[in-house]
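Written out below as structure tokens is the structure these notes cover.
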Amino acid sequence: MQSSCEAKAGGAEISTAGFNAKGWHHTDIPSTVVGALVSDKTYPDPTYGTNLKSFPGMDYSSKTFFANQDMPKGSPFRCSWWFRTEFMVPADYTRKTAWLHFLGINYRANVWLNGQKIGDANDVAGTFATFEFNVSKVLQTGKPNSLAVRCHSHLAYLGR
């Protein structure tokens, strides 16, 4: 997983097998961006003490409700975030129907498989909504497949 502020490549490149993701954050799925950054020790446990206030953009004034305050310009959460993985499909899976099923994406996403965009943020939208894509024509059997998902928060999608 990597911030789009850091990863300058596009979806076609990031969803190519062998893409160099050196320096990206490790994550297990399901996860949120913040959950993954806590799991890989980038940030401390936000439920302990005042750790949440140490996260970028969370040192807000207690005089107003934090959700009504603008996100700071330097916050890593203003940008969208990339999730990517590579996987194999057995060679004998040829000519079978294959579906890619997401149990939840928050908030919007562009979805790429093997260099081809299969889902757009205009259609893949909603708080933890489920999505399915027939990937039969894009899936490769007997060699690595690469999936890349660019998740946009509401603010990142609006470019704020």
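Labels for the structure tokens follow display order: chains A, B, ..., residues from 1 in each chain, ligands from 1.
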
Legend entry - Those in chain A with strand (DSSP E) from DSSP, as a VMD selection string: chain A and resid 2 to 3 81 to 88 99 to 105 108 to 113 116 to 119 129 to 134 144 to 152

Inset, instruction - Write out as a ChimeraX atom specification which residues come within 10 Å of Lys117 in chain A when counting only C-alpha atoms, dropping same-chain ones fewer than 5 positions away. - result: /A:11-12,15,110-112,138,147-149

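Once Leu37 in chain A and its same-chain neighbours fewer than 4 positions away are set aside, His25, His26, Thr27, Thr32, Val33, Lys41, Thr42, Tyr43 and Pro44 of chain A remain within 9 Å of it when counting only C-alpha atoms.
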
Output the selection as a PDB file, in the first residue's frame - all heavy atoms for each residue.
```
ATOM      1  N   HIS A  25       4.101   0.153   1.992  1.00  0.00           N
ATOM      2  CA  HIS A  25       3.693  -0.395   3.283  1.00  0.00           C
ATOM      3  C   HIS A  25       3.059  -1.763   3.078  1.00  0.00           C
ATOM      4  O   HIS A  25       2.261  -1.956   2.157  1.00  0.00           O
ATOM      5  CB  HIS A  25       2.662   0.519   3.965  1.00  0.00           C
ATOM      6  CG  HIS A  25       3.168   1.888   4.229  1.00  0.00           C
ATOM      7  ND1 HIS A  25       3.838   2.223   5.391  1.00  0.00           N
ATOM      8  CD2 HIS A  25       3.125   3.015   3.482  1.00  0.00           C
ATOM      9  CE1 HIS A  25       4.167   3.500   5.336  1.00  0.00           C
ATOM     10  NE2 HIS A  25       3.751   4.004   4.194  1.00  0.00           N
ATOM     11  N   HIS A  26       3.398  -2.703   3.959  1.00  0.00           N
ATOM     12  CA  HIS A  26       2.753  -4.015   3.932  1.00  0.00           C
ATOM     13  C   HIS A  26       1.373  -3.909   4.571  1.00  0.00           C
ATOM     14  O   HIS A  26       1.188  -3.193   5.551  1.00  0.00           O
ATOM     15  CB  HIS A  26       3.576  -5.057   4.692  1.00  0.00           C
ATOM     16  CG  HIS A  26       2.848  -6.351   4.829  1.00  0.00           C
ATOM     17  ND1 HIS A  26       2.779  -7.256   3.784  1.00  0.00           N
ATOM     18  CD2 HIS A  26       2.112  -6.862   5.832  1.00  0.00           C
ATOM     19  CE1 HIS A  26       2.036  -8.290   4.172  1.00  0.00           C
ATOM     20  NE2 HIS A  26       1.629  -8.067   5.414  1.00  0.00           N
ATOM     21  N   THR A  27       0.425  -4.623   4.003  1.00  0.00           N
ATOM     22  CA  THR A  27      -0.894  -4.697   4.623  1.00  0.00           C
ATOM     23  C   THR A  27      -1.541  -6.032   4.332  1.00  0.00           C
ATOM     24  O   THR A  27      -1.275  -6.647   3.306  1.00  0.00           O
ATOM     25  CB  THR A  27      -1.828  -3.549   4.156  1.00  0.00           C
ATOM     26  OG1 THR A  27      -3.047  -3.621   4.896  1.00  0.00           O
ATOM     27  CG2 THR A  27      -2.129  -3.626   2.687  1.00  0.00           C
ATOM     28  N   THR A  32      -8.030  -0.785   6.506  1.00  0.00           N
ATOM     29  CA  THR A  32      -8.121   0.598   6.069  1.00  0.00           C
ATOM     30  C   THR A  32      -6.696   1.124   5.950  1.00  0.00           C
ATOM     31  O   THR A  32      -5.739   0.473   6.398  1.00  0.00           O
ATOM     32  CB  THR A  32      -8.890   1.454   7.087  1.00  0.00           C
ATOM     33  OG1 THR A  32      -8.157   1.446   8.325  1.00  0.00           O
ATOM     34  CG2 THR A  32     -10.307   0.936   7.296  1.00  0.00           C
ATOM     35  N   VAL A  33      -6.540   2.293   5.383  1.00  0.00           N
ATOM     36  CA  VAL A  33      -5.215   2.899   5.282  1.00  0.00           C
ATOM     37  C   VAL A  33      -4.632   3.093   6.682  1.00  0.00           C
ATOM     38  O   VAL A  33      -3.510   2.672   6.959  1.00  0.00           O
ATOM     39  CB  VAL A  33      -5.276   4.238   4.512  1.00  0.00           C
ATOM     40  CG1 VAL A  33      -3.959   4.989   4.614  1.00  0.00           C
ATOM     41  CG2 VAL A  33      -5.648   3.994   3.054  1.00  0.00           C
ATOM     42  N   LYS A  41       3.457  -0.389  12.083  1.00  0.00           N
ATOM     43  CA  LYS A  41       4.169   0.443  13.068  1.00  0.00           C
ATOM     44  C   LYS A  41       4.597   1.803  12.526  1.00  0.00           C
ATOM     45  O   LYS A  41       5.452   2.466  13.106  1.00  0.00           O
ATOM     46  CB  LYS A  41       5.396  -0.290  13.645  1.00  0.00           C
ATOM     47  CG  LYS A  41       5.103  -1.677  14.190  1.00  0.00           C
ATOM     48  CD  LYS A  41       4.289  -1.615  15.431  1.00  0.00           C
ATOM     49  CE  LYS A  41       4.176  -3.003  16.045  1.00  0.00           C
ATOM     50  NZ  LYS A  41       2.877  -3.389  16.444  1.00  0.00           N
ATOM     51  N   THR A  42       3.996   2.250  11.416  1.00  0.00           N
ATOM     52  CA  THR A  42       4.253   3.618  10.957  1.00  0.00           C
ATOM     53  C   THR A  42       3.714   4.599  11.984  1.00  0.00           C
ATOM     54  O   THR A  42       4.340   5.611  12.274  1.00  0.00           O
ATOM     55  CB  THR A  42       3.595   3.863   9.581  1.00  0.00           C
ATOM     56  OG1 THR A  42       4.149   2.941   8.634  1.00  0.00           O
ATOM     57  CG2 THR A  42       3.817   5.277   9.093  1.00  0.00           C
ATOM     58  N   TYR A  43       2.531   4.279  12.529  1.00  0.00           N
ATOM     59  CA  TYR A  43       1.919   5.093  13.570  1.00  0.00           C
ATOM     60  C   TYR A  43       1.610   4.219  14.777  1.00  0.00           C
ATOM     61  O   TYR A  43       1.380   3.023  14.643  1.00  0.00           O
ATOM     62  CB  TYR A  43       0.620   5.753  13.069  1.00  0.00           C
ATOM     63  CG  TYR A  43       0.820   6.685  11.900  1.00  0.00           C
ATOM     64  CD1 TYR A  43       0.091   6.522  10.738  1.00  0.00           C
ATOM     65  CD2 TYR A  43       1.738   7.725  11.954  1.00  0.00           C
ATOM     66  CE1 TYR A  43       0.272   7.375   9.653  1.00  0.00           C
ATOM     67  CE2 TYR A  43       1.926   8.568  10.882  1.00  0.00           C
ATOM     68  CZ  TYR A  43       1.191   8.395   9.733  1.00  0.00           C
ATOM     69  OH  TYR A  43       1.375   9.229   8.670  1.00  0.00           O
ATOM     70  N   PRO A  44       1.570   4.834  15.967  1.00  0.00           N
ATOM     71  CA  PRO A  44       1.264   4.059  17.172  1.00  0.00           C
ATOM     72  C   PRO A  44      -0.231   3.732  17.260  1.00  0.00           C
ATOM     73  O   PRO A  44      -1.057   4.312  16.543  1.00  0.00           O
ATOM     74  CB  PRO A  44       1.683   4.997  18.305  1.00  0.00           C
ATOM     75  CG  PRO A  44       1.517   6.372  17.738  1.00  0.00           C
ATOM     76  CD  PRO A  44       1.856   6.249  16.267  1.00  0.00           C
TER      77      PRO A  44
END
```

Inset, instruction - List every residue of chain A that DSSP, applied to the backbone of this structure, places in alpha helix (DSSP H), and write the result as a PyMOL selection string. - result: chain A and resi 11-14+33-39+154-158

Legend entry - Length of the CA of Ser3 in chain A to CA of Ser80 in chain A vector [Å]: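 Going from CA of Ser3 in chain A over to CA of Ser80 in chain A covers 6.1 Å.
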
Legend entry - Shell of 9 Å around Leu139 in chain A, only C-alpha atoms, local chain residues under 3 positions omitted, as number ranges by chain: A: 89, 98, 113-114, 135-136, 145

Output the selection as a PDB file, in the first residue's frame - all heavy atoms for each residue.
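The resulting file, selection31.pdb, is reproduced below:
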```pdb
ATOM      1  N   VAL A  89      -3.130 -17.815 -11.013  1.00  0.00           N
ATOM      2  CA  VAL A  89      -4.333 -18.580 -11.320  1.00  0.00           C
ATOM      3  C   VAL A  89      -3.846 -19.831 -12.044  1.00  0.00           C
ATOM      4  O   VAL A  89      -3.050 -19.732 -12.981  1.00  0.00           O
ATOM      5  CB  VAL A  89      -5.306 -17.770 -12.213  1.00  0.00           C
ATOM      6  CG1 VAL A  89      -6.480 -18.624 -12.641  1.00  0.00           C
ATOM      7  CG2 VAL A  89      -5.777 -16.529 -11.475  1.00  0.00           C
ATOM      8  N   ALA A  98     -14.549 -15.902 -14.264  1.00  0.00           N
ATOM      9  CA  ALA A  98     -13.873 -15.484 -13.034  1.00  0.00           C
ATOM     10  C   ALA A  98     -14.418 -14.118 -12.604  1.00  0.00           C
ATOM     11  O   ALA A  98     -14.540 -13.197 -13.419  1.00  0.00           O
ATOM     12  CB  ALA A  98     -12.372 -15.399 -13.255  1.00  0.00           C
ATOM     13  N   LEU A 113      -6.552  -4.391 -13.340  1.00  0.00           N
ATOM     14  CA  LEU A 113      -6.064  -5.772 -13.341  1.00  0.00           C
ATOM     15  C   LEU A 113      -5.227  -5.975 -14.596  1.00  0.00           C
ATOM     16  O   LEU A 113      -5.703  -5.731 -15.712  1.00  0.00           O
ATOM     17  CB  LEU A 113      -7.229  -6.766 -13.305  1.00  0.00           C
ATOM     18  CG  LEU A 113      -6.851  -8.243 -13.281  1.00  0.00           C
ATOM     19  CD1 LEU A 113      -6.033  -8.597 -12.033  1.00  0.00           C
ATOM     20  CD2 LEU A 113      -8.099  -9.116 -13.362  1.00  0.00           C
ATOM     21  N   ASN A 114      -3.994  -6.360 -14.397  1.00  0.00           N
ATOM     22  CA  ASN A 114      -3.071  -6.641 -15.500  1.00  0.00           C
ATOM     23  C   ASN A 114      -3.004  -5.503 -16.516  1.00  0.00           C
ATOM     24  O   ASN A 114      -3.053  -5.716 -17.721  1.00  0.00           O
ATOM     25  CB  ASN A 114      -3.445  -7.960 -16.181  1.00  0.00           C
ATOM     26  CG  ASN A 114      -3.319  -9.129 -15.234  1.00  0.00           C
ATOM     27  OD1 ASN A 114      -2.461  -9.129 -14.358  1.00  0.00           O
ATOM     28  ND2 ASN A 114      -4.191 -10.116 -15.386  1.00  0.00           N
ATOM     29  N   VAL A 135     -13.876 -10.681 -14.562  1.00  0.00           N
ATOM     30  CA  VAL A 135     -12.503 -10.461 -15.019  1.00  0.00           C
ATOM     31  C   VAL A 135     -12.018 -11.596 -15.928  1.00  0.00           C
ATOM     32  O   VAL A 135     -10.825 -11.731 -16.170  1.00  0.00           O
ATOM     33  CB  VAL A 135     -11.547 -10.273 -13.821  1.00  0.00           C
ATOM     34  CG1 VAL A 135     -11.881  -8.998 -13.068  1.00  0.00           C
ATOM     35  CG2 VAL A 135     -11.565 -11.475 -12.891  1.00  0.00           C
ATOM     36  N   SER A 136     -12.946 -12.383 -16.440  1.00  0.00           N
ATOM     37  CA  SER A 136     -12.606 -13.554 -17.252  1.00  0.00           C
ATOM     38  C   SER A 136     -11.707 -13.206 -18.432  1.00  0.00           C
ATOM     39  O   SER A 136     -10.795 -13.964 -18.763  1.00  0.00           O
ATOM     40  CB  SER A 136     -13.875 -14.233 -17.764  1.00  0.00           C
ATOM     41  OG  SER A 136     -14.726 -14.564 -16.699  1.00  0.00           O
ATOM     42  N   ASN A 145      -0.727 -12.520 -12.085  1.00  0.00           N
ATOM     43  CA  ASN A 145      -1.713 -11.467 -12.306  1.00  0.00           C
ATOM     44  C   ASN A 145      -1.421 -10.373 -11.295  1.00  0.00           C
ATOM     45  O   ASN A 145      -0.969 -10.650 -10.184  1.00  0.00           O
ATOM     46  CB  ASN A 145      -3.129 -12.000 -12.061  1.00  0.00           C
ATOM     47  CG  ASN A 145      -3.568 -12.943 -13.145  1.00  0.00           C
ATOM     48  OD1 ASN A 145      -4.111 -12.523 -14.162  1.00  0.00           O
ATOM     49  ND2 ASN A 145      -3.315 -14.238 -12.955  1.00  0.00           N
TER      50      ASN A 145
END
```

Legend entry - Among the residues A:Lys63, A:His101, A:Arg150, A:Arg95, the one that comes closest to Ala9 in chain A [using only C-alpha atoms]: A:Arg150

Legend entry - Spatial neighbours of Gly23 in chain A, 12 Å, only C-alpha atoms, chain gap at least 3 places, as a PyMOL selection string: chain A and resi 1-3+6-7+20+26

For the residues selected in the previous step, produce a file with C-alpha atoms as a PDB file, in the first residue's frame.
```pdb
ATOM      1  CA  MET A   1       0.000   0.000   0.000  1.00  0.00           C
ATOM      2  CA  GLN A   2       1.303   3.456  -0.851  1.00  0.00           C
ATOM      3  CA  SER A   3       0.044   7.029  -0.956  1.00  0.00           C
ATOM      4  CA  GLU A   6       4.441   9.109  -3.120  1.00  0.00           C
ATOM      5  CA  ALA A   7       3.660   6.602  -5.898  1.00  0.00           C
ATOM      6  CA  ASN A  20       8.647  -2.398  -8.149  1.00  0.00           C
ATOM      7  CA  HIS A  26       2.753  -4.015   3.932  1.00  0.00           C
TER       8      HIS A  26
END
```

Legend entry - Surrounding residues of Phe102 in chain A excluding itself and chain neighbours under 6 positions, 9 Å, only C-alpha atoms, as an NGL selection string: :A and (129-133)
